[in-house]
Amino acid sequence: MTRDLSISLLIGILVLQSFTSATSGQINEKRSLAESNHLIYHACYDPTGTLIATTGSDNNIILWNTESGIIHRTLSGLKKRPNQVVFAGKGGDLYSAGEDGLVTRWDLRLVKIASSTPGHSGAIKALSVNPAGDLLASGGEDRIVRIWAISEEDPRLIYELKGHKKAITTLDISPDGKSLVSGSADQRLILWDLQTGGMIGETIAHKGWIRCARFSPDGERISSGGDDRLIKLWDARKLTPVRTMEGHTGWVQALSYTPSGKLIISGGHDATVRIWEAATGNMLAVSEKLEQIVLSVDASPIRNDFISSCLLSEKLKIWANEFAETPLAQETEAVREEPLRQETPEETQQESRQESQEVSAAGQGSEPSAPVPGSPLITIFSPMPSKEVIIHERPYILVVGKAEGEGGIQTVLVNRQMAELNEAGVFQTEIPLKLGENQVEVVAVSRIGKMGRSELTILCTSEDASRDLSDSGDALEKGRYYALIIGIDQYADDRIGDLDYPIQDAESLFQTLVDSYTFLEENVTFLRNPSRTEMIIALDELSQEVSGDDNLLIFYAGHGYWDEKTGIGYWLPADASRSNTANWFRNSTLRDFIGSIPSRHTLLVADACFSGSIFKTRAGFASPDQGISKLHELPSRKAMTSGSLKEVPDKSVFVKYLIRELQQNESRMLPSEELFGKFKTAVLNNSPNVPQYGTIQNVGDEGGDFIFTLKFPER
């Protein structure tokens, strides 16, 4: 899963509420298509309606024959998941874009990639092509909309449209090809003139992220959906509001118009698909609850069918749309006609705060007060609730309580962090505090979808606490932690002496990282006595797996060699020969891999003799004076090594004190430079080696640092 579905998406899943409607019909599924290991993220019809394209977790694009349901083509060759795919006109090329930041053109006749054009500095989230098939729009994490001229050659950049302040999540070119609507995590819709590249208008459209926006087939309206669970209709010329449609009980993720423009199909985080009457806003039908969030919907251009895909599902569902030509119904209470006056951003934020205060006002005190009828009751045991501010002297606090609700409790979140929960509804979790006043929110979700809240105010007096939580864990939680751990103690060549401790040391580090720090076991590759080829394959796989938000630790324990004459350093894999260097692993090869792996931070830890020339600078070993968030924000490529001797002892003092410091660490976030400073003196005092720390040269370091983050901080 992309990173594009963050912790906020998890909360959206958990707060789903059951939905009943006395007036809505049922949508009937016709059939489903599926392919193993292809978890579908996006699905769409081609303009002729004869093919369906799906993008999947296997990094492939599958083209399905609409009539037979059989796979027509499988398009392979991408290294990272495509987020969206679009057809460029009838019988034209197909374009995809996604996590690799590339705009990829596919030759459907030869079934291969025709070109890959660097499109954006981050993941691409949205694509749209004009009806003529000669203009393509792309947008994503870098907040820029790019307009490309497309033909049989590589796409040619025409405009860069800048105006959004956060990631762009949706794009749609108007039916006449003259304008473009873009939606973003910054809550805004922007209407662009594709003939000039200028901005026609903008509006704060939703509270929270905008997830989808579509022009009506006649180009007169724009529909949009977002995190506020609403679908809104806008005048496509001025971006003035027309009406709001309510019904979804979770974020609205996807929208599509039927070819006539009479109906709107929507899908959302409440795991339902719904059909709406565009002219009135009436909801005509709702599907049964599906297995997961609905990620995409698309109406067939030639028949009364539509398709949908769900999160973590291999199934592409094809639905029968029985309402395509239904006469317009009367206006219902679910529709609000909007005034022309729009809310300002300040008014939107104020209204959101007022709603939050109204819902959570009942949460104070040790006894649950009058909640919303049917919502879970939350009782806090620790810290002892008080009408006054609770004073706490540590930078972390353990929250313990009990939640009770009809049907039992499904989930409890404390400040958006999932709490341990037993069958009786008792929960506990530990959360970080900033220095000063902290608002702690407990959210409980029952098994029938009802939600309750409780709040505490904590005054943290610990000087060890962060000045601002945004300067700590929040930023680091965006990226995953990967590790490649290599231990070599057995050599095929009898002339290279075997060792006793490298694998033992590597296993000890592995266990420490997985047990105490934010390294998931599935993201740690452990190579025991690998060959040179196995080491290269592991590094190559990391170059494809690791993203720009992630962190990578590379650890090596085994024989190394520094050739004074040539100035070349080596690691000796298990298949190394003493008589030649064919299977030796050069430091320069490692440096090339480190430069090619697109992590935010890479830390190399080597318990072997190592080329001092790999370092660009030597650190001063003082605690960094930059804040944690600044160190995390700036990319880094750092290394710490056991020394510059030609040989290092089999029983490593360097690894002993490194692991001991990691195990005894009580700081939730520990920069690698600070870690090195803590155990360097112990290594100097207990071995002949002089450990080294510094920046690896010419591989993209910009002054940041690798941050070790504790999984379970000390209480």
# chains A, B, ... in the order shown; residues from 1 in each chain; ligands from 1
$ closest_atom_pairs --of "stretch 635-709 of chain A" --to "stretch 582-593 of chain A" --cutoff "10 Å" --atoms "only C-alpha atoms" --output "Markdown table"
| residue | atom | partner | partner_atom | distance |
| --- | --- | --- | --- | --- |
| A:Arg637 | CA | A:Arg591 | CA | 9.8 |
| A:Ile696 | CA | A:Arg591 | CA | 7.8 |
| A:Gln697 | CA | A:Arg591 | CA | 8.4 |
| A:Asn698 | CA | A:Arg591 | CA | 8.6 |
| A:Val699 | CA | A:Arg591 | CA | 7.3 |
$ write_last_selection --atoms "N, CA and C atoms" --output "mmCIF file, in the first residue's frame"
data_model
loop_
_atom_site.group_PDB
_atom_site.id
_atom_site.type_symbol
_atom_site.label_atom_id
_atom_site.label_comp_id
_atom_site.auth_asym_id
_atom_site.auth_seq_id
_atom_site.Cartn_x
_atom_site.Cartn_y
_atom_site.Cartn_z
ATOM 1 N N ARG A 637 22.916 10.757 4.124
ATOM 2 C CA ARG A 637 23.631 9.531 3.789
ATOM 3 C C ARG A 637 24.848 9.481 4.710
ATOM 4 N N ILE A 696 28.709 10.229 3.793
ATOM 5 C CA ILE A 696 29.180 9.528 2.605
ATOM 6 C C ILE A 696 29.164 10.506 1.436
ATOM 7 N N GLN A 697 30.249 10.579 0.720
ATOM 8 C CA GLN A 697 30.378 11.626 -0.287
ATOM 9 C C GLN A 697 29.633 11.294 -1.578
ATOM 10 N N ASN A 698 29.112 12.347 -2.198
ATOM 11 C CA ASN A 698 28.564 12.307 -3.561
ATOM 12 C C ASN A 698 27.354 11.386 -3.731
ATOM 13 N N VAL A 699 26.538 11.228 -2.698
ATOM 14 C CA VAL A 699 25.340 10.384 -2.843
ATOM 15 C C VAL A 699 24.087 11.090 -2.337
#
$ residues_around --residues "A:Leu421" --least-positions-apart "2" --cutoff "12 Å" --atoms "only C-alpha atoms" --output "list in words"
Val399, Val400, Gly401, Lys402, Ala403, Glu404, Gly408, Ile409, Gln410, Thr411, Val412, Leu413, Val414, Met418, Ala419, Glu423, Ala424, Gly425, Val426, Phe427, Gln428, Thr429, Ala444 and Val445 of chain A
$ write_last_selection --atoms "N, CA and C atoms" --output "PDB file, in the first residue's frame"
ATOM      1  N   VAL A 399      -2.227   6.073  28.963  1.00  0.00           N
ATOM      2  CA  VAL A 399      -3.669   6.301  29.070  1.00  0.00           C
ATOM      3  C   VAL A 399      -4.354   4.945  29.184  1.00  0.00           C
ATOM      4  N   VAL A 400      -5.112   4.749  30.273  1.00  0.00           N
ATOM      5  CA  VAL A 400      -5.805   3.489  30.527  1.00  0.00           C
ATOM      6  C   VAL A 400      -7.277   3.802  30.776  1.00  0.00           C
ATOM      7  N   GLY A 401      -8.151   3.011  30.205  1.00  0.00           N
ATOM      8  CA  GLY A 401      -9.572   3.245  30.406  1.00  0.00           C
ATOM      9  C   GLY A 401     -10.401   2.076  29.923  1.00  0.00           C
ATOM     10  N   LYS A 402     -11.700   2.304  29.866  1.00  0.00           N
ATOM     11  CA  LYS A 402     -12.628   1.276  29.409  1.00  0.00           C
ATOM     12  C   LYS A 402     -13.668   1.912  28.510  1.00  0.00           C
ATOM     13  N   ALA A 403     -13.994   1.207  27.432  1.00  0.00           N
ATOM     14  CA  ALA A 403     -15.021   1.667  26.501  1.00  0.00           C
ATOM     15  C   ALA A 403     -16.113   0.607  26.425  1.00  0.00           C
ATOM     16  N   GLU A 404     -17.359   1.046  26.482  1.00  0.00           N
ATOM     17  CA  GLU A 404     -18.499   0.138  26.418  1.00  0.00           C
ATOM     18  C   GLU A 404     -19.467   0.647  25.364  1.00  0.00           C
ATOM     19  N   GLY A 408     -20.324  -4.373  21.533  1.00  0.00           N
ATOM     20  CA  GLY A 408     -18.906  -4.428  21.867  1.00  0.00           C
ATOM     21  C   GLY A 408     -18.113  -3.335  21.174  1.00  0.00           C
ATOM     22  N   ILE A 409     -16.846  -3.223  21.536  1.00  0.00           N
ATOM     23  CA  ILE A 409     -15.969  -2.174  21.008  1.00  0.00           C
ATOM     24  C   ILE A 409     -15.029  -2.772  19.974  1.00  0.00           C
ATOM     25  N   GLN A 410     -14.980  -2.122  18.838  1.00  0.00           N
ATOM     26  CA  GLN A 410     -14.097  -2.583  17.769  1.00  0.00           C
ATOM     27  C   GLN A 410     -12.694  -2.000  17.898  1.00  0.00           C
ATOM     28  N   THR A 411     -12.611  -0.692  18.162  1.00  0.00           N
ATOM     29  CA  THR A 411     -11.327  -0.010  18.152  1.00  0.00           C
ATOM     30  C   THR A 411     -11.347   1.180  19.101  1.00  0.00           C
ATOM     31  N   VAL A 412     -10.190   1.441  19.709  1.00  0.00           N
ATOM     32  CA  VAL A 412      -9.993   2.659  20.488  1.00  0.00           C
ATOM     33  C   VAL A 412      -8.733   3.351  19.973  1.00  0.00           C
ATOM     34  N   LEU A 413      -8.847   4.645  19.715  1.00  0.00           N
ATOM     35  CA  LEU A 413      -7.712   5.452  19.291  1.00  0.00           C
ATOM     36  C   LEU A 413      -7.465   6.533  20.332  1.00  0.00           C
ATOM     37  N   VAL A 414      -6.204   6.718  20.694  1.00  0.00           N
ATOM     38  CA  VAL A 414      -5.817   7.801  21.593  1.00  0.00           C
ATOM     39  C   VAL A 414      -4.906   8.726  20.801  1.00  0.00           C
ATOM     40  N   MET A 418      -3.604   3.757  17.749  1.00  0.00           N
ATOM     41  CA  MET A 418      -4.414   2.624  18.152  1.00  0.00           C
ATOM     42  C   MET A 418      -3.968   2.093  19.508  1.00  0.00           C
ATOM     43  N   ALA A 419      -4.941   1.871  20.393  1.00  0.00           N
ATOM     44  CA  ALA A 419      -4.652   1.402  21.741  1.00  0.00           C
ATOM     45  C   ALA A 419      -4.857  -0.108  21.839  1.00  0.00           C
ATOM     46  N   GLU A 423     -11.025  -8.017  25.399  1.00  0.00           N
ATOM     47  CA  GLU A 423     -12.413  -8.350  25.090  1.00  0.00           C
ATOM     48  C   GLU A 423     -13.404  -7.603  25.973  1.00  0.00           C
ATOM     49  N   ALA A 424     -12.955  -7.184  27.156  1.00  0.00           N
ATOM     50  CA  ALA A 424     -13.846  -6.467  28.071  1.00  0.00           C
ATOM     51  C   ALA A 424     -13.931  -4.986  27.756  1.00  0.00           C
ATOM     52  N   GLY A 425     -13.187  -4.525  26.729  1.00  0.00           N
ATOM     53  CA  GLY A 425     -13.210  -3.114  26.362  1.00  0.00           C
ATOM     54  C   GLY A 425     -12.203  -2.263  27.096  1.00  0.00           C
ATOM     55  N   VAL A 426     -11.315  -2.890  27.890  1.00  0.00           N
ATOM     56  CA  VAL A 426     -10.274  -2.139  28.596  1.00  0.00           C
ATOM     57  C   VAL A 426      -9.126  -1.877  27.626  1.00  0.00           C
ATOM     58  N   PHE A 427      -8.670  -0.642  27.596  1.00  0.00           N
ATOM     59  CA  PHE A 427      -7.629  -0.262  26.648  1.00  0.00           C
ATOM     60  C   PHE A 427      -6.490   0.451  27.361  1.00  0.00           C
ATOM     61  N   GLN A 428      -5.337   0.443  26.703  1.00  0.00           N
ATOM     62  CA  GLN A 428      -4.211   1.224  27.193  1.00  0.00           C
ATOM     63  C   GLN A 428      -3.245   1.495  26.047  1.00  0.00           C
ATOM     64  N   THR A 429      -2.616   2.647  26.101  1.00  0.00           N
ATOM     65  CA  THR A 429      -1.561   2.990  25.158  1.00  0.00           C
ATOM     66  C   THR A 429      -0.761   4.149  25.723  1.00  0.00           C
ATOM     67  N   ALA A 444     -13.602   5.960  20.651  1.00  0.00           N
ATOM     68  CA  ALA A 444     -13.993   4.547  20.677  1.00  0.00           C
ATOM     69  C   ALA A 444     -15.037   4.302  19.606  1.00  0.00           C
ATOM     70  N   VAL A 445     -14.891   3.214  18.869  1.00  0.00           N
ATOM     71  CA  VAL A 445     -15.819   2.849  17.801  1.00  0.00           C
ATOM     72  C   VAL A 445     -16.414   1.488  18.131  1.00  0.00           C
TER      73      VAL A 445
END
$ residues_around --residues "A:Leu135" --least-positions-apart "4" --cutoff "8 Å" --atoms "only C-alpha atoms" --output "JSON list (two decimals) with C-alpha atoms, in the first residue's frame"
[["chain", "number", "residue", "atom", "x", "y", "z"],
["A", 129, "VAL", "CA", -6.64, 13.28, -20.84],
["A", 130, "ASN", "CA", -8.73, 15.55, -23.08],
["A", 147, "ILE", "CA", 0.06, 19.84, -18.83],
["A", 148, "TRP", "CA", 1.63, 17.71, -21.58],
["A", 149, "ALA", "CA", 1.19, 17.64, -25.33],
["A", 150, "ILE", "CA", 0.98, 13.97, -26.30]]
$ residues_around --residues "A:Gln439" --least-positions-apart "5" --cutoff "9 Å" --atoms "only C-alpha atoms" --output "mmCIF file with C-alpha atoms, in the first residue's frame"
data_model
loop_
_atom_site.group_PDB
_atom_site.id
_atom_site.type_symbol
_atom_site.label_atom_id
_atom_site.label_comp_id
_atom_site.auth_asym_id
_atom_site.auth_seq_id
_atom_site.Cartn_x
_atom_site.Cartn_y
_atom_site.Cartn_z
ATOM 1 C CA ASN A 415 -4.689 10.873 19.668
ATOM 2 C CA GLU A 455 -10.941 14.456 26.072
ATOM 3 C CA LEU A 456 -8.341 15.303 28.703
ATOM 4 C CA THR A 457 -6.070 18.305 29.072
ATOM 5 C CA ILE A 458 -2.523 17.412 30.191
ATOM 6 C CA LEU A 459 0.074 19.973 31.273
#
$ residues_around --residues "stretch 526-537 of chain A" --least-positions-apart "3" --cutoff "7 Å" --atoms "only C-alpha atoms" --output "MDAnalysis selection string"
chainID A and resid 484:490 503 540:541 573:575 583:585
$ write_last_selection --atoms "C-alpha atoms" --output "PDB file, in the first residue's frame"
ATOM      1  CA  LEU A 484      19.630  -4.868   5.314  1.00  0.00           C
ATOM      2  CA  ILE A 485      21.653  -6.860   7.848  1.00  0.00           C
ATOM      3  CA  ILE A 486      24.610  -8.890   6.572  1.00  0.00           C
ATOM      4  CA  GLY A 487      26.644 -11.272   8.716  1.00  0.00           C
ATOM      5  CA  ILE A 488      29.456 -13.424   7.260  1.00  0.00           C
ATOM      6  CA  ASP A 489      31.477 -15.866   9.357  1.00  0.00           C
ATOM      7  CA  GLN A 490      32.006 -18.808   6.967  1.00  0.00           C
ATOM      8  CA  ILE A 503      26.270 -13.622  12.528  1.00  0.00           C
ATOM      9  CA  ASP A 540      18.737  -3.920  -6.036  1.00  0.00           C
ATOM     10  CA  GLU A 541      15.430  -5.007  -4.481  1.00  0.00           C
ATOM     11  CA  PRO A 573      31.337 -12.080   0.643  1.00  0.00           C
ATOM     12  CA  ALA A 574      31.129 -15.765   1.531  1.00  0.00           C
ATOM     13  CA  ASP A 575      32.192 -16.781  -2.005  1.00  0.00           C
ATOM     14  CA  ASN A 583      33.752 -11.810  -6.047  1.00  0.00           C
ATOM     15  CA  TRP A 584      34.914  -9.100  -3.674  1.00  0.00           C
ATOM     16  CA  PHE A 585      32.396  -6.333  -3.002  1.00  0.00           C
TER      17      PHE A 585
END
$ atom_distance --atom1 "atom CA of A:Gly436" --atom2 "atom CA of A:Arg416"
19.8 Å
